[in-house]
>>> print(open('entry-v6.txt').read())   # compact mmCIF, C-alpha atoms
# COMPACT_ATOMS: atom_id res chain seq x y z
CA MET A 1 -1.62 -23.84 -9.09
CA PRO A 2 -1.43 -24.06 -12.92
CA LYS A 3 -5.24 -23.87 -12.98
CA ARG A 4 -5.12 -20.65 -11.03
CA ILE A 5 -2.65 -19.11 -13.45
CA ARG A 6 -4.84 -19.93 -16.45
CA LEU A 7 -7.86 -18.35 -14.81
CA ALA A 8 -5.92 -15.20 -13.91
CA LYS A 9 -5.08 -14.82 -17.60
CA ARG A 10 -8.75 -15.11 -18.59
CA VAL A 11 -9.76 -12.53 -16.01
CA VAL A 12 -7.09 -10.08 -17.19
CA SER A 13 -8.18 -10.48 -20.77
CA GLU A 14 -11.84 -9.80 -19.86
CA SER A 15 -10.55 -6.78 -17.97
CA ASP A 16 -8.63 -5.65 -21.07
CA ARG A 17 -11.76 -5.99 -23.19
CA LEU A 18 -13.64 -3.68 -20.79
CA ALA A 19 -10.68 -1.30 -20.74
CA SER A 20 -10.85 -0.92 -24.51
CA GLN A 21 -14.52 0.07 -24.18
CA LEU A 22 -13.35 2.77 -21.79
CA VAL A 23 -10.64 3.90 -24.23
CA GLU A 24 -13.26 4.35 -26.94
CA ARG A 25 -15.59 6.33 -24.71
CA PHE A 26 -12.81 8.60 -23.45
CA GLN A 27 -11.47 9.22 -26.95
CA LYS A 28 -14.91 9.92 -28.39
CA ALA A 29 -15.59 12.49 -25.64
CA ARG A 30 -12.08 13.98 -26.00
CA VAL A 31 -11.78 13.92 -22.23
CA PHE A 32 -8.31 13.54 -20.76
CA VAL A 33 -8.19 10.71 -18.21
CA ALA A 34 -5.46 10.21 -15.62
CA ASN A 35 -5.27 7.23 -13.24
CA LEU A 36 -3.52 8.11 -9.96
CA MET A 37 -1.92 5.42 -7.84
CA SER A 38 0.23 5.34 -4.71
CA SER A 39 0.61 3.91 -1.22
CA PRO A 40 -2.11 4.87 1.25
CA GLY A 41 -1.53 8.41 2.46
CA SER A 42 0.90 9.67 -0.19
CA GLY A 43 -1.46 12.54 -0.98
CA LYS A 44 -3.56 11.58 -4.02
CA THR A 45 -6.70 13.24 -2.64
CA SER A 46 -4.77 16.29 -1.45
CA LEU A 47 -3.30 16.75 -4.92
CA LEU A 48 -6.75 16.50 -6.51
CA GLU A 49 -8.18 18.97 -3.97
CA GLU A 50 -5.47 21.48 -4.90
CA THR A 51 -6.11 20.82 -8.59
CA ALA A 52 -9.84 21.42 -8.12
CA ARG A 53 -9.33 24.63 -6.18
CA ARG A 54 -6.85 26.09 -8.64
CA MET A 55 -8.25 24.95 -12.00
CA ALA A 56 -12.02 24.62 -11.52
CA GLY A 57 -12.63 27.89 -13.42
CA GLU A 58 -10.36 26.84 -16.25
CA LEU A 59 -11.18 23.17 -16.97
CA ARG A 60 -14.28 21.06 -16.41
CA MET A 61 -13.10 18.28 -14.11
CA ALA A 62 -14.45 15.33 -12.14
CA VAL A 63 -12.99 12.59 -9.96
CA ILE A 64 -13.81 8.90 -9.53
CA GLU A 65 -12.63 7.81 -6.09
CA GLY A 66 -11.68 4.24 -5.13
CA ASP A 67 -11.47 3.08 -1.51
CA LEU A 68 -12.14 -0.13 0.39
CA ALA A 69 -14.55 1.78 2.64
CA THR A 70 -15.92 5.27 3.41
CA ASP A 71 -16.77 8.15 1.07
CA ARG A 72 -14.42 10.57 2.79
CA ASP A 73 -12.35 11.23 -0.32
CA ALA A 74 -15.35 11.94 -2.56
CA GLN A 75 -16.63 14.37 0.08
CA ARG A 76 -13.26 16.14 0.20
CA ILE A 77 -13.28 16.54 -3.60
CA ARG A 78 -16.82 17.92 -3.62
CA ARG A 79 -15.90 20.40 -0.90
CA ALA A 80 -13.01 21.48 -3.14
CA GLY A 81 -15.57 22.36 -5.78
CA ILE A 82 -15.83 19.63 -8.43
CA PRO A 83 -18.05 16.55 -8.92
CA SER A 84 -16.88 13.21 -7.59
CA TYR A 85 -18.18 9.68 -7.34
CA GLN A 86 -17.05 7.20 -4.70
CA ILE A 87 -16.51 3.51 -5.48
CA ASN A 88 -16.21 1.26 -2.42
CA THR A 89 -14.41 -1.96 -3.26
CA GLY A 90 -15.23 -3.79 0.00
CA GLY A 91 -12.02 -5.76 0.37
CA GLY A 92 -10.93 -5.18 -3.24
CA CYS A 93 -7.33 -4.06 -3.68
CA HIS A 94 -7.69 -2.09 -6.95
CA LEU A 95 -10.29 -0.45 -9.20
CA SER A 96 -11.55 -2.50 -12.16
CA ALA A 97 -12.59 -1.42 -15.65
CA GLN A 98 -16.12 -2.65 -14.87
CA GLN A 99 -16.32 -0.39 -11.83
CA ILE A 100 -15.26 2.58 -13.97
CA LEU A 101 -17.83 1.72 -16.63
CA ASP A 102 -20.52 1.63 -13.93
CA ALA A 103 -19.33 4.94 -12.45
CA LEU A 104 -19.54 6.62 -15.87
CA GLU A 105 -23.33 6.31 -15.61
CA ARG A 106 -23.04 9.23 -13.17
CA PHE A 107 -21.15 11.57 -15.50
CA ASP A 108 -21.84 13.05 -18.92
CA LEU A 109 -18.37 12.74 -20.40
CA ALA A 110 -19.25 15.36 -23.01
CA ASP A 111 -19.36 17.92 -20.18
CA LEU A 112 -15.83 17.15 -19.01
CA ASP A 113 -12.32 18.15 -20.06
CA VAL A 114 -10.51 16.06 -17.47
CA LEU A 115 -11.45 12.95 -15.50
CA PHE A 116 -9.20 11.84 -12.65
CA ILE A 117 -9.40 8.30 -11.30
CA GLU A 118 -8.00 7.98 -7.79
CA ASN A 119 -7.20 4.30 -7.37
CA VAL A 120 -7.22 2.33 -4.10
CA GLY A 121 -4.18 3.20 -1.97
CA ASN A 122 -1.90 0.32 -2.92
CA LEU A 123 1.44 0.47 -4.72
CA VAL A 124 1.15 -3.12 -6.00
CA CYS A 125 -2.14 -4.36 -7.47
CA PRO A 126 -3.59 -1.28 -9.25
CA ALA A 127 -0.57 -1.24 -11.59
CA GLU A 128 -1.77 -4.49 -13.16
CA PHE A 129 -5.17 -3.17 -14.30
CA ASP A 130 -5.77 -0.94 -17.31
CA LEU A 131 -8.69 1.47 -16.77
CA GLY A 132 -8.57 2.92 -20.27
CA GLU A 133 -6.70 5.99 -19.03
CA HIS A 134 -4.47 8.16 -21.22
CA ARG A 135 -1.88 8.58 -18.54
CA ARG A 136 -0.85 6.98 -15.28
CA VAL A 137 0.47 9.02 -12.41
CA VAL A 138 2.32 7.41 -9.53
CA LEU A 139 2.76 9.41 -6.34
CA ALA A 140 5.37 8.92 -3.65
CA SER A 141 5.98 11.05 -0.58
CA THR A 142 9.20 11.83 1.25
CA PRO A 143 8.32 10.17 4.61
CA GLU A 144 7.86 6.82 2.81
CA GLY A 145 11.58 6.70 2.07
CA ASP A 146 13.58 7.09 -1.13
CA ASP A 147 13.74 3.42 -2.13
CA LYS A 148 10.10 2.88 -3.17
CA PRO A 149 10.82 2.97 -6.95
CA ILE A 150 13.08 -0.08 -6.73
CA LYS A 151 10.98 -1.92 -4.14
CA TYR A 152 7.71 -1.43 -6.10
CA PRO A 153 9.15 -1.23 -9.62
CA VAL A 154 6.05 -2.23 -11.61
CA ALA A 155 4.04 0.84 -10.57
CA PHE A 156 6.93 3.15 -11.48
CA TYR A 157 7.76 1.32 -14.70
CA LYS A 158 4.18 1.55 -15.99
CA ALA A 159 3.67 5.21 -15.02
CA ASP A 160 3.82 8.28 -17.28
CA CYS A 161 4.47 10.81 -14.53
CA VAL A 162 5.93 10.64 -11.02
CA VAL A 163 4.77 13.08 -8.37
CA LEU A 164 6.97 13.36 -5.31
CA ASN A 165 4.78 14.90 -2.61
CA LYS A 166 5.55 16.27 0.89
CA VAL A 167 8.85 17.91 -0.07
CA ASP A 168 8.16 20.23 2.90
CA LEU A 169 9.05 17.25 5.14
CA LEU A 170 12.41 16.57 3.41
CA ALA A 171 14.53 18.02 6.20
CA ALA A 172 12.57 16.11 8.87
CA THR A 173 13.18 12.70 7.26
CA ASP A 174 16.12 10.59 6.06
CA PHE A 175 14.88 10.83 2.45
CA SER A 176 17.63 11.38 -0.14
CA ARG A 177 16.31 13.32 -3.13
CA GLU A 178 19.29 12.25 -5.26
CA ALA A 179 18.79 8.58 -4.42
CA PHE A 180 15.06 8.80 -5.24
CA LEU A 181 15.63 10.50 -8.61
CA GLY A 182 18.29 7.92 -9.45
CA TYR A 183 16.01 5.01 -8.54
CA VAL A 184 13.14 6.41 -10.63
CA ARG A 185 15.49 6.92 -13.61
CA GLY A 186 16.77 3.37 -13.22
CA VAL A 187 13.25 1.97 -13.61
CA ASN A 188 11.80 4.54 -16.04
CA PRO A 189 14.55 6.70 -17.57
CA LYS A 190 12.54 9.46 -19.28
CA ILE A 191 9.53 9.91 -16.98
CA PRO A 192 8.80 13.46 -15.75
CA ILE A 193 9.27 13.80 -11.98
CA LEU A 194 7.28 16.61 -10.35
CA GLU A 195 8.40 17.58 -6.85
CA LEU A 196 5.79 19.39 -4.78
CA SER A 197 4.01 19.84 -1.48
CA CYS A 198 0.23 19.87 -1.39
CA ARG A 199 0.49 21.27 2.13
CA THR A 200 2.57 24.38 1.30
CA GLY A 201 1.60 24.64 -2.37
CA GLU A 202 5.25 24.57 -3.46
CA GLY A 203 5.65 23.02 -6.91
CA VAL A 204 1.93 22.44 -7.52
CA ASP A 205 2.09 24.76 -10.58
CA GLY A 206 4.35 22.24 -12.30
CA TRP A 207 1.66 19.58 -11.85
CA LEU A 208 -1.08 21.88 -13.15
CA ASN A 209 1.03 22.63 -16.23
CA TRP A 210 1.49 18.92 -16.84
CA VAL A 211 -2.30 18.41 -16.64
CA ARG A 212 -2.91 21.36 -19.00
CA ALA A 213 -0.45 20.07 -21.59
CA GLU A 214 -1.74 16.49 -21.49
CA ARG A 215 -5.34 17.66 -21.64
CA LYS A 216 -4.59 19.81 -24.68
CA ALA A 217 -2.96 16.82 -26.36
CA ALA A 218 -5.95 14.60 -25.47
CA ALA A 219 -8.36 17.09 -27.04
CA LYS A 220 -6.38 16.65 -30.28
CA GLY A 221 -6.48 12.86 -30.02
CA LEU A 222 -3.56 12.04 -27.71
CA PRO A 223 -2.45 8.45 -28.18
CA ARG A 224 -2.47 6.37 -25.01
CA SER A 225 0.78 5.21 -23.48
CA PRO A 226 1.25 1.46 -23.78
CA LYS A 227 -0.04 -0.20 -20.58
CA MET B 228 -17.28 -14.27 -12.11
CA PRO B 229 -18.90 -17.04 -9.96
CA LYS B 230 -16.18 -19.41 -11.16
CA ARG B 231 -13.55 -17.02 -9.98
CA ILE B 232 -15.10 -16.78 -6.53
CA ARG B 233 -15.20 -20.55 -6.14
CA LEU B 234 -11.58 -20.85 -7.13
CA ALA B 235 -10.53 -18.10 -4.72
CA LYS B 236 -12.15 -20.11 -1.92
CA ARG B 237 -10.20 -23.23 -2.89
CA VAL B 238 -6.95 -21.27 -2.98
CA VAL B 239 -7.63 -19.76 0.44
CA SER B 240 -8.39 -23.15 1.89
CA GLU B 241 -5.13 -24.61 0.51
CA SER B 242 -3.44 -21.57 2.03
CA ASP B 243 -5.13 -22.29 5.38
CA ARG B 244 -3.93 -25.90 5.24
CA LEU B 245 -0.35 -24.69 4.81
CA ALA B 246 -0.85 -22.10 7.56
CA SER B 247 -1.84 -24.84 10.01
CA GLN B 248 1.43 -26.63 9.20
CA LEU B 249 3.18 -23.41 10.16
CA VAL B 250 1.17 -23.14 13.39
CA GLU B 251 2.29 -26.63 14.37
CA ARG B 252 5.93 -25.93 13.65
CA PHE B 253 5.91 -22.63 15.54
CA GLN B 254 4.14 -24.13 18.55
CA LYS B 255 6.46 -27.15 18.66
CA ALA B 256 9.51 -24.88 18.64
CA ARG B 257 7.90 -22.50 21.17
CA VAL B 258 9.00 -19.60 19.01
CA PHE B 259 6.87 -16.46 19.10
CA VAL B 260 5.91 -15.33 15.59
CA ALA B 261 4.64 -11.87 14.66
CA ASN B 262 3.47 -10.88 11.17
CA LEU B 263 4.00 -7.15 10.49
CA MET B 264 1.95 -5.36 7.85
CA SER B 265 1.52 -1.76 6.72
CA SER B 266 1.61 0.60 3.75
CA PRO B 267 4.97 0.95 2.03
CA GLY B 268 7.24 3.18 4.07
CA SER B 269 5.42 3.15 7.41
CA GLY B 270 8.58 1.88 9.11
CA LYS B 271 8.33 -1.90 9.46
CA THR B 272 12.03 -2.44 8.71
CA SER B 273 13.06 0.51 10.89
CA LEU B 274 11.11 -0.94 13.83
CA LEU B 275 12.75 -4.34 13.35
CA GLU B 276 16.20 -2.72 13.10
CA GLU B 277 15.59 -0.98 16.44
CA THR B 278 14.30 -4.23 17.93
CA ALA B 279 17.40 -6.09 16.74
CA ARG B 280 19.78 -3.46 18.09
CA ARG B 281 18.12 -3.26 21.49
CA MET B 282 17.16 -6.89 22.15
CA ALA B 283 19.73 -9.02 20.29
CA GLY B 284 21.55 -9.86 23.55
CA GLU B 285 18.30 -10.75 25.28
CA LEU B 286 16.30 -12.82 22.78
CA ARG B 287 17.30 -14.97 19.82
CA MET B 288 15.53 -13.35 16.88
CA ALA B 289 15.29 -13.61 13.09
CA VAL B 290 13.33 -11.88 10.34
CA ILE B 291 11.74 -13.13 7.13
CA GLU B 292 11.45 -10.20 4.72
CA GLY B 293 8.88 -9.90 1.92
CA ASP B 294 9.31 -7.49 -0.99
CA LEU B 295 8.41 -7.44 -4.65
CA ALA B 296 12.07 -6.80 -5.49
CA THR B 297 15.51 -6.12 -3.93
CA ASP B 298 17.08 -7.55 -0.76
CA ARG B 299 17.59 -4.13 0.82
CA ASP B 300 15.48 -4.89 3.88
CA ALA B 301 17.18 -8.21 4.64
CA GLN B 302 20.54 -6.44 4.37
CA ARG B 303 19.39 -3.74 6.79
CA ILE B 304 18.29 -6.37 9.32
CA ARG B 305 21.60 -8.23 9.04
CA ARG B 306 23.51 -5.00 9.57
CA ALA B 307 21.40 -4.48 12.70
CA GLY B 308 22.79 -7.76 14.00
CA ILE B 309 20.28 -10.59 13.51
CA PRO B 310 19.70 -13.23 10.78
CA SER B 311 17.26 -12.46 8.00
CA TYR B 312 16.00 -14.10 4.83
CA GLN B 313 14.59 -12.17 1.88
CA ILE B 314 11.62 -13.42 -0.12
CA ASN B 315 11.08 -11.64 -3.45
CA THR B 316 7.50 -12.03 -4.63
CA GLY B 317 8.06 -10.68 -8.17
CA GLY B 318 4.75 -8.94 -8.67
CA GLY B 319 3.09 -10.71 -5.72
CA CYS B 320 1.16 -8.43 -3.36
CA HIS B 321 1.48 -10.49 -0.14
CA LEU B 322 3.51 -13.29 1.45
CA SER B 323 2.04 -16.79 1.29
CA ALA B 324 2.19 -19.67 3.77
CA GLN B 325 4.11 -21.70 1.15
CA GLN B 326 6.76 -18.98 0.91
CA ILE B 327 7.15 -19.00 4.70
CA LEU B 328 7.43 -22.82 4.74
CA ASP B 329 10.18 -22.58 2.11
CA ALA B 330 11.96 -19.83 4.04
CA LEU B 331 11.97 -21.96 7.22
CA GLU B 332 14.48 -24.25 5.48
CA ARG B 333 16.99 -21.48 6.23
CA PHE B 334 16.35 -21.30 9.97
CA ASP B 335 16.54 -23.79 12.82
CA LEU B 336 13.45 -22.76 14.73
CA ALA B 337 14.78 -24.47 17.85
CA ASP B 338 17.47 -21.79 17.97
CA LEU B 339 14.97 -18.92 17.98
CA ASP B 340 12.82 -17.19 20.57
CA VAL B 341 11.15 -14.76 18.18
CA LEU B 342 10.53 -14.80 14.43
CA PHE B 343 9.29 -11.63 12.75
CA ILE B 344 7.68 -11.80 9.33
CA GLU B 345 7.76 -8.46 7.52
CA ASN B 346 5.04 -8.68 4.91
CA VAL B 347 4.97 -6.88 1.54
CA GLY B 348 4.20 -3.18 1.98
CA ASN B 349 0.46 -3.22 1.29
CA LEU B 350 -2.37 -2.36 3.65
CA VAL B 351 -4.91 -4.49 1.73
CA CYS B 352 -3.95 -7.97 0.52
CA PRO B 353 -1.63 -9.32 3.29
CA ALA B 354 -4.53 -9.08 5.77
CA GLU B 355 -6.32 -11.90 3.91
CA PHE B 356 -3.56 -14.49 4.35
CA ASP B 357 -2.78 -16.42 7.52
CA LEU B 358 0.93 -17.20 7.89
CA GLY B 359 0.52 -19.25 11.07
CA GLU B 360 1.62 -16.30 13.21
CA HIS B 361 0.68 -15.87 16.87
CA ARG B 362 0.11 -12.17 16.51
CA ARG B 363 -0.47 -9.62 13.78
CA VAL B 364 0.95 -6.14 14.02
CA VAL B 365 -0.32 -3.34 11.80
CA LEU B 366 1.78 -0.20 11.51
CA ALA B 367 0.63 3.25 10.49
CA SER B 368 2.65 6.46 10.44
CA THR B 369 1.58 10.04 11.07
CA PRO B 370 2.34 11.45 7.58
CA GLU B 371 -0.10 8.91 6.05
CA GLY B 372 -3.01 10.70 7.73
CA ASP B 373 -5.26 9.76 10.62
CA ASP B 374 -8.06 8.09 8.61
CA LYS B 375 -6.27 4.90 7.55
CA PRO B 376 -8.04 2.66 10.12
CA ILE B 377 -11.46 3.39 8.57
CA LYS B 378 -10.26 3.40 4.97
CA TYR B 379 -8.39 0.08 5.32
CA PRO B 380 -10.50 -1.52 8.07
CA VAL B 381 -9.71 -5.19 7.42
CA ALA B 382 -6.02 -4.85 8.30
CA PHE B 383 -6.88 -3.03 11.54
CA TYR B 384 -9.75 -5.35 12.42
CA LYS B 385 -7.61 -8.47 12.07
CA ALA B 386 -4.60 -7.07 13.95
CA ASP B 387 -3.56 -7.76 17.55
CA CYS B 388 -1.44 -4.64 18.00
CA VAL B 389 -1.30 -1.23 16.30
CA VAL B 390 2.01 0.63 16.09
CA LEU B 391 1.74 4.33 15.26
CA ASN B 392 5.20 5.32 13.99
CA LYS B 393 6.78 8.72 13.18
CA VAL B 394 5.20 10.56 16.10
CA ASP B 395 8.19 12.92 15.78
CA LEU B 396 6.50 14.27 12.62
CA LEU B 397 3.14 14.96 14.34
CA ALA B 398 3.58 18.72 14.49
CA ALA B 399 4.68 18.90 10.84
CA THR B 400 1.53 17.16 9.54
CA ASP B 401 -2.26 17.54 9.78
CA PHE B 402 -2.53 14.23 11.65
CA SER B 403 -4.99 14.24 14.56
CA ARG B 404 -3.92 11.80 17.26
CA GLU B 405 -7.39 11.83 18.82
CA ALA B 406 -9.09 11.09 15.50
CA PHE B 407 -6.68 8.21 14.81
CA LEU B 408 -7.19 6.62 18.24
CA GLY B 409 -10.96 6.96 17.83
CA TYR B 410 -10.91 5.36 14.38
CA VAL B 411 -8.81 2.43 15.61
CA ARG B 412 -11.15 1.90 18.58
CA GLY B 413 -14.12 1.99 16.23
CA VAL B 414 -12.73 -0.90 14.20
CA ASN B 415 -10.98 -2.85 16.98
CA PRO B 416 -12.04 -1.62 20.43
CA LYS B 417 -9.52 -3.34 22.72
CA ILE B 418 -6.36 -3.46 20.62
CA PRO B 419 -3.17 -2.03 22.17
CA ILE B 420 -1.93 1.09 20.35
CA LEU B 421 1.79 1.79 20.70
CA GLU B 422 2.89 5.29 19.73
CA LEU B 423 6.56 5.64 18.88
CA SER B 424 9.24 7.03 16.61
CA CYS B 425 11.89 4.73 15.22
CA ARG B 426 13.86 7.82 14.25
CA THR B 427 14.11 9.41 17.72
CA GLY B 428 13.63 6.22 19.75
CA GLU B 429 10.67 7.72 21.65
CA GLY B 430 8.18 5.04 22.70
CA VAL B 431 10.18 2.09 21.33
CA ASP B 432 10.45 0.62 24.87
CA GLY B 433 6.67 0.09 24.87
CA TRP B 434 6.99 -2.02 21.74
CA LEU B 435 9.89 -4.05 23.20
CA ASN B 436 7.81 -4.73 26.32
CA TRP B 437 4.92 -5.92 24.15
CA VAL B 438 7.30 -8.32 22.32
CA ARG B 439 8.74 -9.58 25.64
CA ALA B 440 5.30 -10.26 27.12
CA GLU B 441 3.95 -12.00 24.01
CA ARG B 442 7.12 -14.07 23.66
CA LYS B 443 6.89 -15.17 27.27
CA ALA B 444 3.28 -16.21 26.70
CA ALA B 445 4.25 -18.07 23.51
CA ALA B 446 6.94 -20.03 25.37
CA LYS B 447 4.16 -21.24 27.68
CA GLY B 448 1.90 -22.19 24.75
CA LEU B 449 0.23 -18.89 23.83
CA PRO B 450 -3.00 -19.52 21.93
CA ARG B 451 -3.17 -17.84 18.54
CA SER B 452 -5.58 -15.01 17.93
CA PRO B 453 -8.40 -16.01 15.56
CA LYS B 454 -7.40 -14.99 11.99
>>> encode(input="entry-v6.txt", output="structure tokens")
Amino acid sequence: MPKRIRLAKRVVSESDRLASQLVERFQKARVFVANLMSSPGSGKTSLLEETARRMAGELRMAVIEGDLATDRDAQRIRRAGIPSYQINTGGGCHLSAQQILDALERFDLADLDVLFIENVGNLVCPAEFDLGEHRRVVLASTPEGDDKPIKYPVAFYKADCVVLNKVDLLAATDFSREAFLGYVRGVNPKIPILELSCRTGEGVDGWLNWVRAERKAAAKGLPRSPK
Amino acid sequence: MPKRIRLAKRVVSESDRLASQLVERFQKARVFVANLMSSPGSGKTSLLEETARRMAGELRMAVIEGDLATDRDAQRIRRAGIPSYQINTGGGCHLSAQQILDALERFDLADLDVLFIENVGNLVCPAEFDLGEHRRVVLASTPEGDDKPIKYPVAFYKADCVVLNKVDLLAATDFSREAFLGYVRGVNPKIPILELSCRTGEGVDGWLNWVRAERKAAAKGLPRSPK
């Protein structure tokens, strides 16, 4: 077992080296990059579809999609009107910096204002891997229950923004909004928490405003959050 | 990278060695063991609470709980009336055979008919690790969307039973029951699919009957499914 731990450290540090290449490329292009993570089915793709539909005329955007299998999500994003590129990880449980570097061959970063990375649906492993992003967004949804921030604390601790999706289902579930907000604050006291429903559109404006503000800051040389 | 792959193989084979110790112990005690896996918030704990409440007088049951942090789930199970033991993995994304071996120090298997293992909420990594169980159960829930079986195929391919939870929310979501059933059949043609709602109780009897039948088979020396 000690051998395995040493190797894991080497792999992470190689991953960090690749992540700093990404940081340089993103900063040089002045493109704002957000890495979205959540459980499967919390609504990452739905949020990006809404973002594409509502802001495609305003900002030049693209999405890198990560999934074990299928290109369904990339297709959904293209149908919503913006470019996307699908990474299939096979069995892999998270996106890696190398995969992002490879995907960038498909985009001219100079043509973009915003690049979204939709990570593999997994509230555990993606949190451990820096993809050079400016900001991390963690999504949760009301049917998953209000205790996810304390049961999966690393993802919430390392995030810069929490999106609570599916607020339209609040009344149909046992989710306590107060408990959820308290749990998030316990793990990450100052993080913005955006409550919305991709299905009804309620609250999505708050998310778009967050993207606009962060993108504006990135264009001026936004410093990355510590990862 | 080749070095890493070789090491991963060694780790898996050590894990398999420990899993076969578990198989022996479970078979000797004639206890039926089911390993439950799903995304965070699909309802694994809720299903086990219902199982405890409805079958505690009929079968001697216990639960081993896996979470990154907190002992909330073990507490919920105890309140529902059966013994439970919480494993906290720290950042770990799945339960390991060694963790189950350690947890068994807390139980006398001879006193049990059924042992449930609730894995870490993660639809990717737990599927790779054999815990010596007779049967694997994968849960999905309607708000997660109907495409999870094709986007996370390994978990569904390696499972022996699919539970579709939160059918009470069907009308409030865009979930297509027909699409879901088709996707499951595409990955795992003959697997039983149990549709239920832990919240309303609808369909839970089907699950209890599945547990009864598998437990009866295990008491007679049920062969394990290939993992």
>>> interface_residues(input="entry-v6.txt", of="chain A", to="chain B", cutoff="8 Å", atoms="all atoms listed in the file", output="list in words")
Arg4, Leu7, Ser39, Pro40, Gly41, Ser42, Asp67, Leu68, Ala69, Thr70, Gly91, Gly92, Cys93, Asn122, Leu123, Val124, Cys125, Pro143, Glu144, Gly145, Lys148, Ile150, Lys151, Tyr152, Pro153, Val154, Leu169 and Ala172 of chain A
>>> axis_aligned_box(input="entry-v6.txt", around="region 438-447 of chain B", padding_each_side="4 Å", output="lines of an AutoDock Vina configuration file")
center_x = 6.0
center_y = -14.8
center_z = 25.0
size_x = 13.5
size_y = 20.9
size_z = 13.4
>>> closest_residue(input="entry-v6.txt", among="A:Glu202, A:Glu105, A:Glu178, A:Ala110", to="Arg30 (chain A)", atoms="only C-alpha atoms")
A:Ala110
>>> atom_distance(input="entry-v6.txt", atom1="CA of Arg53 (chain A)", atom2="CA of Ser403 (chain B)")
23.6 Å
>>> closest_residue(input="entry-v6.txt", among="A:Ile191, A:Ile77, A:Ile117, A:Leu139", to="Ser225 (chain A)", atoms="only C-alpha atoms")
A:Ile191
>>> closest_residue(input="entry-v6.txt", among="B:Ala398, B:Ile327, B:Ala279, B:Val438", to="Arg252 (chain B)", atoms="all atoms listed in the file")
B:Ile327
>>> atom_distance(input="entry-v6.txt", atom1="CA of Arg404 (chain B)", atom2="CA of Gln75 (chain A)")
21.5 Å
>>> atom_distance(input="entry-v6.txt", atom1="CA of Ile87 (chain A)", atom2="CA of Val204 (chain A)")
26.5 Å
>>> residues_around(input="entry-v6.txt", residues="Val163 (chain A)", least_positions_apart="5", cutoff="6 Å", atoms="all atoms listed in the file", output="VMD selection string")
chain A and resid 139 193 to 195
>>> closest_residue(input="entry-v6.txt", among="A:Ala62, A:Ala56, A:Ala159, A:Leu47", to="Leu196 (chain A)", atoms="only C-alpha atoms")
A:Leu47
>>> closest_residue(input="entry-v6.txt", among="A:Asp160, A:Glu50, A:Glu58, A:Glu133", to="Asp113 (chain A)", atoms="all atoms listed in the file")
A:Glu58
>>> closest_residue(input="entry-v6.txt", among="A:Arg79, A:Lys44, A:Lys216, A:Arg224", to="Asn119 (chain A)", atoms="all atoms listed in the file")
A:Lys44
>>> residues_near_point(input="entry-v6.txt", point="(-18.4, 17.7, -9.4)", cutoff="8 Å", atoms="all atoms listed in the file", output="number ranges by chain")
A: 61-63, 77-78, 81-84
>>> write_last_selection(input="entry-v6.txt", atoms="C-alpha atoms", output="CSV table (one decimal), keeping the file's coordinate frame")
chain,number,residue,atom,x,y,z
A,61,MET,CA,-13.1,18.3,-14.1
A,62,ALA,CA,-14.4,15.3,-12.1
A,63,VAL,CA,-13.0,12.6,-10.0
A,77,ILE,CA,-13.3,16.5,-3.6
A,78,ARG,CA,-16.8,17.9,-3.6
A,81,GLY,CA,-15.6,22.4,-5.8
A,82,ILE,CA,-15.8,19.6,-8.4
A,83,PRO,CA,-18.0,16.6,-8.9
A,84,SER,CA,-16.9,13.2,-7.6
